[in-house]
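J.: Next up, my_file.cif (mmCIF, C-alpha atoms).
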data_input
loop_
_atom_site.label_atom_id
_atom_site.label_comp_id
_atom_site.auth_asym_id
_atom_site.auth_seq_id
_atom_site.Cartn_x
_atom_site.Cartn_y
_atom_site.Cartn_z
CA MET A 1 0.00 0.00 0.00
CA THR A 2 1.60 3.20 -1.23
CA PRO A 3 -0.14 6.55 -0.98
CA ARG A 4 -0.19 8.97 -3.88
CA LEU A 5 -1.98 12.19 -4.82
CA ARG A 6 -5.27 11.53 -6.55
CA ARG A 7 -5.52 12.24 -10.24
CA GLY A 8 -5.80 15.95 -10.85
CA VAL A 9 -4.39 16.93 -7.45
CA ARG A 10 -1.21 19.00 -7.44
CA LEU A 11 0.98 20.06 -4.52
CA THR A 12 2.75 23.35 -4.98
CA TYR A 13 4.42 26.06 -2.92
CA ASP A 14 2.62 29.41 -2.87
CA ARG A 15 5.11 32.19 -2.34
CA THR A 16 2.34 34.77 -1.89
CA ARG A 17 0.97 32.98 1.16
CA ARG A 18 4.29 31.32 2.06
CA THR A 19 2.77 27.91 2.41
CA HIS A 20 2.26 24.70 0.52
CA VAL A 21 -1.12 24.39 -1.20
CA LEU A 22 -3.01 21.47 -2.68
CA LEU A 23 -4.73 22.37 -5.92
CA PHE A 24 -7.48 20.37 -7.58
CA PRO A 25 -10.54 21.07 -9.75
CA GLU A 26 -12.50 23.89 -8.12
CA GLY A 27 -10.54 23.79 -4.90
CA VAL A 28 -7.55 24.82 -2.83
CA LEU A 29 -6.50 23.21 0.46
CA VAL A 30 -3.77 24.51 2.71
CA PRO A 31 -2.08 21.55 4.42
CA ASN A 32 -0.30 22.18 7.72
CA ALA A 33 3.47 21.75 7.83
CA THR A 34 3.26 18.10 8.89
CA ALA A 35 0.75 17.20 6.20
CA ALA A 36 2.81 19.05 3.58
CA ALA A 37 5.93 17.09 4.58
CA VAL A 38 4.00 13.82 4.22
CA LEU A 39 2.41 14.89 0.93
CA GLU A 40 5.79 15.63 -0.61
CA LEU A 41 6.65 11.97 -0.14
CA CYS A 42 3.39 10.56 -1.51
CA ASP A 43 4.74 9.38 -4.85
CA GLY A 44 2.95 6.05 -5.18
CA GLU A 45 6.30 4.29 -4.59
CA ARG A 46 7.00 4.85 -0.91
CA THR A 47 5.13 2.88 1.76
CA VAL A 48 4.04 4.38 5.09
CA PRO A 49 7.18 2.98 6.84
CA ASP A 50 9.30 4.47 4.03
CA ILE A 51 7.67 7.86 4.53
CA ALA A 52 8.07 7.69 8.31
CA ALA A 53 11.73 6.73 7.94
CA SER A 54 12.36 9.50 5.45
CA LEU A 55 10.70 12.09 7.72
CA GLY A 56 12.68 10.66 10.67
CA GLU A 57 15.85 11.84 8.97
CA ARG A 58 14.59 15.43 9.11
CA TYR A 59 12.46 15.51 12.26
CA ALA A 60 12.72 13.94 15.68
CA GLY A 61 10.11 11.54 17.06
CA VAL A 62 8.27 10.64 13.81
CA ARG A 63 6.00 7.63 14.35
CA GLU A 64 4.49 5.46 11.65
CA SER A 65 1.08 5.72 13.33
CA ASP A 66 1.20 9.53 13.12
CA VAL A 67 2.00 9.37 9.41
CA GLY A 68 -0.89 6.92 9.01
CA ASP A 69 -3.25 9.33 10.79
CA VAL A 70 -2.24 12.23 8.56
CA LEU A 71 -2.74 10.06 5.48
CA ALA A 72 -6.15 8.87 6.65
CA ARG A 73 -7.27 12.47 6.95
CA LEU A 74 -5.93 13.29 3.49
CA VAL A 75 -7.75 10.26 2.06
CA ASP A 76 -10.95 11.52 3.73
CA ARG A 77 -10.48 14.86 2.03
CA GLN A 78 -10.16 12.94 -1.25
CA VAL A 79 -6.76 14.32 -2.15
CA VAL A 80 -4.75 11.13 -1.50
CA GLU A 81 -5.47 7.56 -2.57
CA TRP A 82 -3.80 4.20 -2.00
CA ALA A 83 -1.98 2.82 -5.02
CA MET B 1 -14.49 47.94 4.48
CA GLY B 2 -14.04 48.10 8.25
CA VAL B 3 -10.59 48.99 9.48
CA THR B 4 -10.30 45.69 11.31
CA GLU B 5 -10.97 43.58 8.26
CA GLU B 6 -8.10 42.51 6.12
CA VAL B 7 -8.51 42.13 2.37
CA ARG B 8 -7.03 38.78 1.46
CA PRO B 9 -5.45 37.87 -1.86
CA PRO B 10 -7.71 36.21 -4.45
CA LEU B 11 -7.57 32.44 -4.93
CA GLY B 12 -9.10 32.21 -8.37
CA MET B 13 -9.37 34.09 -11.63
CA LEU B 14 -11.91 33.52 -14.35
CA ALA B 15 -10.17 34.62 -17.54
CA GLU B 16 -12.82 35.18 -20.19
CA LEU B 17 -10.53 35.06 -23.19
CA THR B 18 -13.24 35.79 -25.72
CA HIS B 19 -17.01 36.13 -25.97
CA ARG B 20 -17.00 34.35 -29.34
CA CYS B 21 -18.74 30.99 -29.05
CA PRO B 22 -20.01 28.31 -31.45
CA LEU B 23 -23.02 27.67 -29.20
CA HIS B 24 -26.13 29.84 -28.89
CA CYS B 25 -27.48 28.74 -25.51
CA PRO B 26 -30.55 30.67 -24.37
CA TYR B 27 -29.30 30.56 -20.75
CA CYS B 28 -25.98 32.26 -21.53
CA SER B 29 -24.97 34.40 -18.56
CA ASN B 30 -22.59 36.59 -20.54
CA PRO B 31 -23.81 40.15 -21.05
CA VAL B 32 -26.36 40.94 -23.73
CA GLU B 33 -23.79 43.28 -25.28
CA LEU B 34 -20.73 41.14 -26.02
CA VAL B 35 -17.12 42.26 -26.42
CA THR B 36 -16.18 42.10 -30.10
CA ARG B 37 -13.01 40.43 -31.36
CA GLU B 38 -11.31 43.77 -32.07
CA ARG B 39 -11.61 44.80 -28.42
CA GLU B 40 -10.19 41.55 -26.98
CA LEU B 41 -6.91 41.69 -25.06
CA GLY B 42 -3.91 40.54 -27.10
CA THR B 43 -1.56 37.71 -26.20
CA GLU B 44 0.98 39.94 -24.43
CA GLU B 45 -1.77 41.62 -22.47
CA TRP B 46 -3.20 38.29 -21.31
CA CYS B 47 0.30 37.08 -20.36
CA SER B 48 0.72 40.19 -18.26
CA VAL B 49 -2.69 39.61 -16.62
CA LEU B 50 -1.62 36.05 -15.76
CA ASP B 51 1.72 37.25 -14.32
CA GLN B 52 -0.02 39.91 -12.26
CA ALA B 53 -2.69 37.48 -11.10
CA ARG B 54 -0.10 35.01 -9.84
CA ASP B 55 1.84 37.79 -8.08
CA LEU B 56 -1.41 38.80 -6.47
CA GLY B 57 -1.99 35.27 -5.15
CA VAL B 58 -4.23 33.61 -7.75
CA LEU B 59 -3.82 29.82 -7.73
CA GLN B 60 -6.76 28.67 -9.84
CA VAL B 61 -7.00 29.96 -13.39
CA HIS B 62 -10.12 29.18 -15.39
CA LEU B 63 -9.61 29.83 -19.08
CA SER B 64 -13.11 30.46 -20.26
CA GLY B 65 -15.23 32.53 -22.59
CA GLY B 66 -17.25 32.20 -24.85
CA GLU B 67 -15.18 29.39 -26.24
CA PRO B 68 -11.51 29.72 -25.23
CA LEU B 69 -10.48 27.38 -28.07
CA ALA B 70 -11.46 30.21 -30.43
CA ARG B 71 -8.25 31.96 -29.34
CA PRO B 72 -5.29 30.79 -31.43
CA ASP B 73 -2.95 31.83 -28.59
CA LEU B 74 -4.63 29.51 -26.05
CA PRO B 75 -1.60 27.13 -25.95
CA GLU B 76 0.71 30.05 -25.13
CA LEU B 77 -1.59 31.21 -22.33
CA VAL B 78 -1.76 27.69 -20.86
CA THR B 79 2.05 27.54 -20.86
CA ARG B 80 2.25 30.87 -19.11
CA ALA B 81 -0.35 30.15 -16.42
CA SER B 82 0.91 26.67 -15.68
CA GLY B 83 4.53 27.83 -15.68
CA LEU B 84 3.59 30.30 -12.96
CA GLY B 85 2.39 27.38 -10.82
CA CYS B 86 -1.33 27.93 -11.32
CA TYR B 87 -3.86 25.13 -11.61
CA VAL B 88 -5.20 25.63 -15.12
CA SER B 89 -8.73 24.63 -16.09
CA LEU B 90 -10.19 24.85 -19.57
CA VAL B 91 -13.89 25.70 -19.58
CA THR B 92 -15.14 24.59 -22.97
CA SER B 93 -18.07 23.60 -25.13
CA GLY B 94 -15.83 20.83 -26.47
CA LEU B 95 -16.18 22.08 -30.03
CA GLY B 96 -12.76 22.27 -31.62
CA LEU B 97 -11.07 20.15 -28.97
CA THR B 98 -9.21 17.76 -31.26
CA GLU B 99 -6.77 15.10 -30.13
CA ALA B 100 -3.81 17.13 -31.41
CA ARG B 101 -4.93 20.31 -29.65
CA LEU B 102 -5.61 18.56 -26.35
CA ALA B 103 -2.30 16.66 -26.48
CA ASP B 104 -0.52 19.98 -26.92
CA LEU B 105 -2.44 21.67 -24.08
CA VAL B 106 -1.75 18.75 -21.72
CA ASP B 107 1.93 18.98 -22.63
CA ARG B 108 1.85 22.63 -21.69
CA GLY B 109 0.43 21.90 -18.25
CA LEU B 110 -3.36 21.98 -18.59
CA ALA B 111 -4.69 20.37 -15.40
CA HIS B 112 -8.44 19.99 -15.80
CA VAL B 113 -11.26 20.30 -18.31
CA GLN B 114 -14.79 21.50 -17.65
CA LEU B 115 -17.18 20.48 -20.39
CA SER B 116 -20.69 21.87 -20.85
CA VAL B 117 -23.60 19.56 -21.60
CA GLN B 118 -27.01 20.84 -22.72
CA GLY B 119 -29.15 17.69 -22.78
CA ALA B 120 -29.17 13.91 -22.42
CA ASP B 121 -29.43 13.12 -26.12
CA ALA B 122 -28.26 14.73 -29.34
CA ALA B 123 -31.69 15.91 -30.45
CA ARG B 124 -32.43 17.89 -27.29
CA ALA B 125 -28.86 19.00 -26.66
CA ASN B 126 -28.39 20.36 -30.17
CA LEU B 127 -31.71 22.14 -30.01
CA LEU B 128 -30.69 23.88 -26.77
CA ALA B 129 -27.16 24.66 -27.95
CA GLY B 130 -28.37 25.93 -31.31
CA ALA B 131 -25.62 23.89 -32.95
CA LYS B 132 -24.70 20.31 -33.81
CA ALA B 133 -22.62 20.08 -30.70
CA HIS B 134 -23.55 16.94 -28.79
CA ASP B 135 -21.44 14.40 -30.67
CA HIS B 136 -18.43 16.70 -30.40
CA LYS B 137 -18.90 16.71 -26.64
CA LEU B 138 -18.87 12.93 -26.47
CA THR B 139 -15.63 12.94 -28.46
CA ALA B 140 -14.14 15.67 -26.27
CA ALA B 141 -15.00 13.81 -23.06
CA ALA B 142 -13.40 10.62 -24.37
CA LEU B 143 -10.23 12.55 -25.26
CA VAL B 144 -10.00 14.15 -21.82
CA LYS B 145 -10.26 10.70 -20.24
CA ARG B 146 -7.68 9.27 -22.63
CA PHE B 147 -5.23 11.95 -21.52
CA GLU B 148 -6.12 11.14 -17.91
CA LEU B 149 -7.14 14.65 -16.94
CA PRO B 150 -9.89 15.16 -14.39
CA LEU B 151 -13.16 15.91 -16.17
CA SER B 152 -15.96 18.11 -14.86
CA VAL B 153 -19.29 18.14 -16.64
CA ASN B 154 -21.40 21.27 -16.25
CA VAL B 155 -25.11 21.23 -16.90
CA VAL B 156 -27.29 24.32 -16.71
CA LEU B 157 -30.78 23.19 -15.73
CA HIS B 158 -33.93 24.99 -16.83
CA ARG B 159 -37.51 24.34 -17.75
CA ALA B 160 -36.62 22.81 -21.13
CA ASN B 161 -34.20 20.14 -19.84
CA HIS B 162 -35.20 19.33 -16.25
CA ASP B 163 -37.11 16.30 -17.57
CA GLN B 164 -33.77 14.87 -18.80
CA LEU B 165 -32.02 15.19 -15.45
CA GLU B 166 -31.59 11.44 -14.92
CA GLY B 167 -30.40 11.02 -18.47
CA MET B 168 -27.82 13.77 -18.06
CA ILE B 169 -26.50 12.24 -14.85
CA ALA B 170 -26.20 8.90 -16.67
CA LEU B 171 -24.43 10.66 -19.55
CA ALA B 172 -21.90 12.23 -17.19
CA GLU B 173 -21.25 8.77 -15.74
CA ARG B 174 -20.72 7.31 -19.21
CA MET B 175 -18.35 10.17 -19.97
CA GLY B 176 -16.38 9.20 -16.88
CA ALA B 177 -16.77 12.61 -15.24
CA ASP B 178 -15.04 13.07 -11.91
CA ARG B 179 -17.33 15.94 -11.05
CA LEU B 180 -20.81 16.89 -12.21
CA GLU B 181 -22.22 20.32 -11.64
CA LEU B 182 -25.99 20.53 -12.01
CA ALA B 183 -26.77 24.21 -11.83
CA ASN B 184 -30.22 25.66 -12.13
CA THR B 185 -30.08 28.73 -14.36
CA GLN B 186 -29.05 31.92 -12.60
CA PHE B 187 -30.62 34.88 -14.31
CA TYR B 188 -27.91 37.19 -15.59
CA GLY B 189 -26.99 38.58 -18.97
CA TRP B 190 -28.74 36.89 -21.86
CA ALA B 191 -30.46 34.39 -19.53
CA LEU B 192 -32.40 37.20 -17.85
CA ARG B 193 -34.10 37.93 -21.18
CA ASN B 194 -35.33 34.34 -21.26
CA ARG B 195 -36.31 34.07 -17.61
CA ASP B 196 -40.00 33.39 -18.27
CA ALA B 197 -39.16 30.44 -20.49
CA LEU B 198 -36.20 29.10 -18.46
CA LEU B 199 -37.41 29.35 -14.87
CA PRO B 200 -38.11 25.76 -13.76
CA THR B 201 -41.49 24.95 -12.25
CA ARG B 202 -41.95 24.09 -8.59
CA GLU B 203 -42.91 20.57 -9.71
CA GLN B 204 -39.71 20.14 -11.70
CA LEU B 205 -37.59 21.18 -8.75
CA ALA B 206 -39.48 18.88 -6.40
CA ALA B 207 -38.97 15.98 -8.82
CA ALA B 208 -35.26 16.78 -9.18
CA GLU B 209 -34.44 16.75 -5.50
CA PRO B 210 -34.68 12.99 -4.81
CA VAL B 211 -32.95 12.24 -8.13
CA VAL B 212 -30.00 14.45 -7.22
CA ARG B 213 -29.85 13.14 -3.68
CA ALA B 214 -29.82 9.52 -4.88
CA ALA B 215 -27.09 10.28 -7.41
CA MET B 216 -24.95 11.97 -4.75
CA GLU B 217 -25.30 8.92 -2.52
CA ARG B 218 -24.76 6.31 -5.24
CA LEU B 219 -21.76 8.05 -6.84
CA LYS B 220 -19.95 9.01 -3.64
CA GLY B 221 -16.23 8.51 -4.15
CA THR B 222 -16.47 8.14 -7.94
CA MET B 223 -18.22 11.27 -9.16
CA GLN B 224 -18.76 14.37 -7.07
CA VAL B 225 -22.24 15.77 -7.73
CA VAL B 226 -22.80 19.45 -7.01
CA TYR B 227 -26.31 20.87 -7.17
CA VAL B 228 -26.91 24.60 -7.53
CA LEU B 229 -30.40 25.58 -6.39
CA SER B 230 -32.87 27.75 -8.24
CA ASP B 231 -32.50 30.66 -5.85
CA TYR B 232 -35.82 32.32 -6.70
CA TYR B 233 -37.56 29.40 -4.99
CA GLU B 234 -35.35 29.51 -1.90
CA GLN B 235 -35.93 31.25 1.42
CA TYR B 236 -32.46 32.68 1.61
CA PRO B 237 -30.04 33.95 -1.02
CA LYS B 238 -26.96 32.17 -2.32
CA PRO B 239 -23.59 33.09 -0.78
CA CYS B 240 -22.64 34.79 -4.02
CA MET B 241 -18.90 34.64 -4.84
CA SER B 242 -18.28 33.75 -1.16
CA GLY B 243 -18.54 37.49 -0.65
CA TRP B 244 -17.79 40.42 -2.94
CA GLY B 245 -14.08 40.82 -3.69
CA ALA B 246 -13.29 38.02 -1.24
CA GLN B 247 -11.81 35.13 -3.25
CA GLN B 248 -12.36 35.51 -6.97
CA LEU B 249 -12.03 37.95 -9.78
CA THR B 250 -13.06 37.86 -13.41
CA VAL B 251 -11.27 39.47 -16.32
CA ALA B 252 -13.58 40.08 -19.28
CA PRO B 253 -12.30 39.71 -22.88
CA ASP B 254 -11.57 43.46 -23.14
CA GLY B 255 -9.66 43.57 -19.85
CA THR B 256 -12.48 44.86 -17.64
CA VAL B 257 -11.94 43.47 -14.15
CA LEU B 258 -15.11 42.24 -12.47
CA PRO B 259 -15.75 41.31 -8.82
CA CYS B 260 -18.40 38.89 -10.14
CA PRO B 261 -18.79 37.51 -13.68
CA ALA B 262 -22.18 39.23 -13.96
CA ALA B 263 -21.08 42.59 -12.52
CA THR B 264 -21.43 44.50 -15.79
CA ALA B 265 -25.15 44.29 -14.99
CA ILE B 266 -24.63 46.88 -12.24
CA THR B 267 -24.56 49.95 -14.44
CA THR B 268 -23.78 52.24 -11.48
CA LEU B 269 -20.52 50.39 -10.73
CA PRO B 270 -17.38 52.17 -12.00
CA LEU B 271 -15.50 49.20 -13.46
CA GLU B 272 -11.78 49.39 -14.16
CA ASN B 273 -9.60 47.81 -16.81
CA VAL B 274 -6.20 46.08 -16.69
CA ARG B 275 -5.25 48.22 -19.68
CA ASP B 276 -5.38 51.28 -17.37
CA ARG B 277 -4.43 50.05 -13.91
CA PRO B 278 -2.42 47.19 -12.38
CA LEU B 279 -4.50 44.20 -11.32
CA ALA B 280 -3.33 44.38 -7.68
CA GLU B 281 -4.47 48.00 -7.36
CA ILE B 282 -7.85 47.09 -8.82
CA TRP B 283 -8.18 44.17 -6.37
CA TYR B 284 -7.15 46.12 -3.27
CA ASP B 285 -7.95 49.76 -3.95
CA SER B 286 -10.63 50.13 -6.61
CA GLU B 287 -14.06 51.51 -5.88
CA SER B 288 -15.67 48.56 -7.64
CA PHE B 289 -13.97 45.86 -5.52
CA ASN B 290 -14.44 47.77 -2.27
CA ALA B 291 -18.05 48.76 -2.92
CA TYR B 292 -19.61 45.65 -1.32
CA ARG B 293 -16.68 44.11 0.54
CA GLY B 294 -17.17 43.10 4.13
CA GLU B 295 -20.28 44.37 5.91
CA ASP B 296 -20.02 48.15 6.08
CA TRP B 297 -22.16 48.63 2.95
CA MET B 298 -25.04 46.58 4.38
CA ARG B 299 -28.32 48.06 5.45
CA GLU B 300 -31.19 46.48 7.31
CA PRO B 301 -32.26 43.72 7.31
CA CYS B 302 -28.73 42.47 6.46
CA ARG B 303 -26.76 44.68 8.84
CA THR B 304 -27.98 42.96 11.99
CA CYS B 305 -28.93 39.60 10.45
CA GLU B 306 -27.20 36.52 11.85
CA ARG B 307 -26.99 35.13 8.30
CA ARG B 308 -24.84 38.01 7.01
CA THR B 309 -21.69 35.92 7.56
CA VAL B 310 -23.33 32.97 5.78
CA ASP B 311 -24.70 34.53 2.60
CA PHE B 312 -23.08 38.01 2.65
CA GLY B 313 -26.41 39.60 1.77
CA GLY B 314 -26.73 37.47 -1.37
CA CYS B 315 -26.02 38.63 -4.88
CA ARG B 316 -25.33 42.31 -5.62
CA CYS B 317 -26.04 41.91 -9.31
CA GLN B 318 -29.41 40.32 -8.60
CA ALA B 319 -30.26 43.06 -6.07
CA PHE B 320 -29.50 45.67 -8.74
CA GLN B 321 -31.36 43.88 -11.50
CA LEU B 322 -34.53 43.44 -9.47
CA THR B 323 -34.59 46.58 -7.32
CA GLY B 324 -32.30 49.06 -9.10
CA ASP B 325 -30.14 49.27 -5.95
CA ALA B 326 -27.04 47.08 -5.73
CA ALA B 327 -26.77 47.62 -1.95
CA ALA B 328 -30.25 46.24 -1.30
CA THR B 329 -30.73 42.85 0.32
CA ASP B 330 -30.94 40.19 -2.41
CA PRO B 331 -34.73 40.11 -3.03
CA VAL B 332 -34.61 36.32 -2.96
CA CYS B 333 -34.28 36.59 0.84
CA ARG B 334 -37.58 36.19 2.61
CA ARG B 335 -36.46 38.94 5.00
CA SER B 336 -36.04 41.37 2.12
CA PRO B 337 -38.75 44.04 1.83
CA ASP B 338 -38.56 43.37 -1.93
CA ARG B 339 -39.28 39.63 -1.77
CA GLY B 340 -42.63 40.37 -3.42
CA LEU B 341 -40.77 41.10 -6.68
CA VAL B 342 -39.62 37.48 -6.79
CA ASP B 343 -42.94 36.01 -5.66
CA VAL B 344 -44.74 37.83 -8.47
CA LEU B 345 -42.42 36.12 -10.95
CA LEU B 346 -43.01 32.71 -9.41
CA GLU B 347 -46.77 33.09 -9.36
CA ALA B 348 -47.08 34.61 -12.83
CA PRO B 349 -48.70 32.32 -15.40
CA ARG B 350 -46.09 30.59 -17.47
CA GLY B 351 -45.70 31.84 -21.02
CA SER B 352 -45.25 29.76 -24.14
CA GLY B 353 -41.86 28.48 -23.00
CA GLU B 354 -40.27 29.90 -26.12
CA PHE B 355 -36.85 31.37 -25.57
CA VAL B 356 -34.62 33.53 -27.72
CA MET B 357 -31.37 31.84 -28.73
CA ARG B 358 -28.18 33.78 -28.16
CA GLY B 359 -27.43 35.53 -31.43
CA VAL B 360 -24.46 34.94 -33.68
CA ARG B 361 -21.83 37.58 -33.36
#
Let's see the structure in the file written out as structure tokens.
T.:
Amino acid sequence: MTPRLRRGVRLTYDRTRRTHVLLFPEGVLVPNATAAAVLELCDGERTVPDIAASLGERYAGVRESDVGDVLARLVDRQVVEWA
Amino acid sequence: MGVTEEVRPPLGMLAELTHRCPLHCPYCSNPVELVTRERELGTEEWCSVLDQARDLGVLQVHLSGGEPLARPDLPELVTRASGLGCYVSLVTSGLGLTEARLADLVDRGLAHVQLSVQGADAARANLLAGAKAHDHKLTAAALVKRFELPLSVNVVLHRANHDQLEGMIALAERMGADRLELANTQFYGWALRNRDALLPTREQLAAAEPVVRAAMERLKGTMQVVYVLSDYYEQYPKPCMSGWGAQQLTVAPDGTVLPCPAATAITTLPLENVRDRPLAEIWYDSESFNAYRGEDWMREPCRTCERRTVDFGGCRCQAFQLTGDAAATDPVCRRSPDRGLVDVLLEAPRGSGEFVMRGVR
């Protein structure tokens, strides 16, 4: 199970608002810093443990379950799907 | 605008590249008086508008019209908008969207296509579009899917196609739409001329409700169904534009910058043009964008109404069209002293149902 952005969803950095934004048809979502860090690694190749490990190199105390929670919320918002 | 309220940057821009269109829909919301080809912004001017819009904070760019494919420089504009990091949608009738053209636009970063549909079958759809359009739309939808872009299907509902609602939902499913917008006609521009013929009946709306609800339930997760109400029949007005000058702006083909796509209807509004003033100044400082921002412009019953943060007083253009005063409460609101103007329309005997097609220009 590898998470990826749903078709038509794009993650980009908005320098006007100085934040990452998720863009999709008729919508804009502003992910928080944690969600943005997870989203950047949602390439359809990495698994949840891969993502947690990768984030662990940059941040202290990253748990797989936290990454899973963030992903579950993103799936609920229909911006991420499981490949 | 109150001193404590902060004007935020816009999220979206509707770029009406041209008013030229191969369709002649009677419900067209573009103004009765269209911008002619000679007055359209040129390629460099549109590129500058896109640059300025992105600097201002615009993230969603809708390339629309009329028919945007009528502009030979469309590919260049897609490249520019997408290169700036915007999410670029093409709002099209589907006519002229060939495989070669779409392949090129996708290459240049086009993200999403919105396709209009007029009816469930070719006979009705072509009658309503005033053109042999339906088969082209089927082809266009198939192409969008082949290139794996998200597809939105937009249907304007009115008295002459409500009976095909189920068929149009089924058509959108067959097209593989990711999103279906079923919007009852809003009466602006050309559509206002045809209001008597287009206004759905109470019975049609009552019949539509369970059909739409069932479709929303059944298609959850595969196709998002959005239903836009016929506001004349509602108790409260629509939250028009999420508030005036709050999130969106429209640039008309000649560079006029509009707080709402229908704002040319408000003849008392001093509109400004990107040919004369930078887009950011128009957004933040112009009289037109500040006229109905926030709540300071509101009068009773809006001023003290608990719904003012929900519907922002409704639609300014509609208030102007029906009462002659753009700062009036949207007469759709049952708390409006002018609600009688709407009720008279609803109770009036229905005419022949004949509408005037949008003329060729």
J.: Could you check how far atom CA of Arg334 of chain B sits from atom CA of Thr304 of chain B, in Å to one decimal?
T.: 15.0 Å
J.: Given the file shown, determine the residues that the PyMOL selection byres ((chain A) within 8 of (chain B)) selects; report them as a PyMOL selection string.
T.: chain A and resi 7-8+10+12+14+16-17+23-28
J.: If you count all atoms listed in the file, which residues fall within 12 Å of Arg46 of chain A, apart from same-chain ones fewer than 5 positions away, as a list in words?
T.: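 Here the qualifying residues turn out to be Met1, Thr2, Pro3, Arg4, Val38, Leu39, Glu40, Leu41, Ile51, Ala52, Ala53, Ser54, Leu55, Trp82 and Ala83 of chain A.
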J.: Identify which of the residues A:Leu22, A:Val48, A:Val80, A:Leu29 lies closest to Gly68 of chain A, counting only C-alpha atoms when measuring atom-to-atom distances.
T.: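 The answer is A:Val48, which sits nearest to Gly68 of chain A.
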J.: Need the shell around segment 117-131 of chain B: protein/DNA/RNA residues with any atom at most 7 Å away, counting only C-alpha atoms. Skip same-chain ones fewer than 3 positions apart. Format as a list of chain:residue names?
T.: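 Here the answer would be B:Leu23, B:His24, B:Cys25, B:His134, B:Asp135, B:Val153, B:Asn154, B:Val155, B:Val156, B:Asn161, B:Gln164, B:Gly167, B:Met168, B:Leu171.
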J.: Work out how far apart atom CA of Leu84 of chain B and atom CA of Val251 of chain B are and give it in Å to one decimal.
T.: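 Calculated distance between atom CA of Leu84 of chain B and atom CA of Val251 of chain B is 17.8 Å.
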J.: Suppose you want the space between atom CA of Met241 of chain B and atom CA of Asn32 of chain A; what is it in Å?
T.: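 Computed distance, atom CA of Met241 of chain B to atom CA of Asn32 of chain A, equals 25.7 Å.
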J.: Pull out every residue that the PyMOL selection byres ((chain B and resi 32-46) around 6) matches in the shown coordinates and put them as number ranges by chain.
T.: B: 31, 47-49, 189-190, 253-254
J.: Residues as selected, C-alpha atoms, written as a PDB file, keeping the file's coordinate frame, can you do that?
T.:
ATOM      1  CA  PRO B  31     -23.810  40.150 -21.050  1.00  0.00           C
ATOM      2  CA  CYS B  47       0.300  37.080 -20.360  1.00  0.00           C
ATOM      3  CA  SER B  48       0.720  40.190 -18.260  1.00  0.00           C
ATOM      4  CA  VAL B  49      -2.690  39.610 -16.620  1.00  0.00           C
ATOM      5  CA  GLY B 189     -26.990  38.580 -18.970  1.00  0.00           C
ATOM      6  CA  TRP B 190     -28.740  36.890 -21.860  1.00  0.00           C
ATOM      7  CA  PRO B 253     -12.300  39.710 -22.880  1.00  0.00           C
ATOM      8  CA  ASP B 254     -11.570  43.460 -23.140  1.00  0.00           C
TER       9      ASP B 254
END
J.: Which neighbours of Leu192 of chain B fall inside 10 Å, counting all atoms listed in the file, when residues of the same chain fewer than 6 positions from it are skipped, and could you give them as a list in words?
T.: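 Counting all atoms listed in the file, the residues come to Pro26, Tyr27, Cys28, Ser29, Pro31, Val32, Thr185, Gln186, Leu198, Leu199 and Gln321 of chain B.
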J.: Using C-alpha atoms, can you write the selected residues to a file as a PDB file, in the frame of the given file?
T.:
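The resulting part09.pdb:
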ATOM      1  CA  PRO B  26     -30.550  30.670 -24.370  1.00  0.00           C
ATOM      2  CA  TYR B  27     -29.300  30.560 -20.750  1.00  0.00           C
ATOM      3  CA  CYS B  28     -25.980  32.260 -21.530  1.00  0.00           C
ATOM      4  CA  SER B  29     -24.970  34.400 -18.560  1.00  0.00           C
ATOM      5  CA  PRO B  31     -23.810  40.150 -21.050  1.00  0.00           C
ATOM      6  CA  VAL B  32     -26.360  40.940 -23.730  1.00  0.00           C
ATOM      7  CA  THR B 185     -30.080  28.730 -14.360  1.00  0.00           C
ATOM      8  CA  GLN B 186     -29.050  31.920 -12.600  1.00  0.00           C
ATOM      9  CA  LEU B 198     -36.200  29.100 -18.460  1.00  0.00           C
ATOM     10  CA  LEU B 199     -37.410  29.350 -14.870  1.00  0.00           C
ATOM     11  CA  GLN B 321     -31.360  43.880 -11.500  1.00  0.00           C
TER      12      GLN B 321
END
J.: Once the PyMOL selection byres ((chain B and resi 329) around 7) has been applied to the shown file, what residues remain in the selection, as a ChimeraX atom specification?
T.: /B:302,313-314,319,327-328,330-331,336
J.: Between B:Gly255, B:Pro278, B:Pro337, B:Pro200, which is the closest to Pro301 of chain B once you count all atoms listed in the file?
T.: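 Smallest distance to Pro301 of chain B is found for B:Pro337.
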J.: Using all atoms listed in the file, list the residues that have an atom at most 9 Å from (-38.2, 27.3, -27.3), coordinates as in the file, as a ChimeraX atom specification.
T.: /B:26,127-128,160,197,352-357
J.: From the list B:Asn194, B:Ser82, B:Thr139, B:Thr201, which residue is nearest His162 of chain B when using all atoms listed in the file?
T.: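 Of all the options, B:Thr201 lies closest to His162 of chain B.
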J.: Between B:His158, B:Thr250, B:Glu67, B:Asp285, which has the minimum distance to Val228 of chain B (counting all atoms listed in the file)?
T.: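 For Val228 of chain B, the nearest of the candidates is B:His158.
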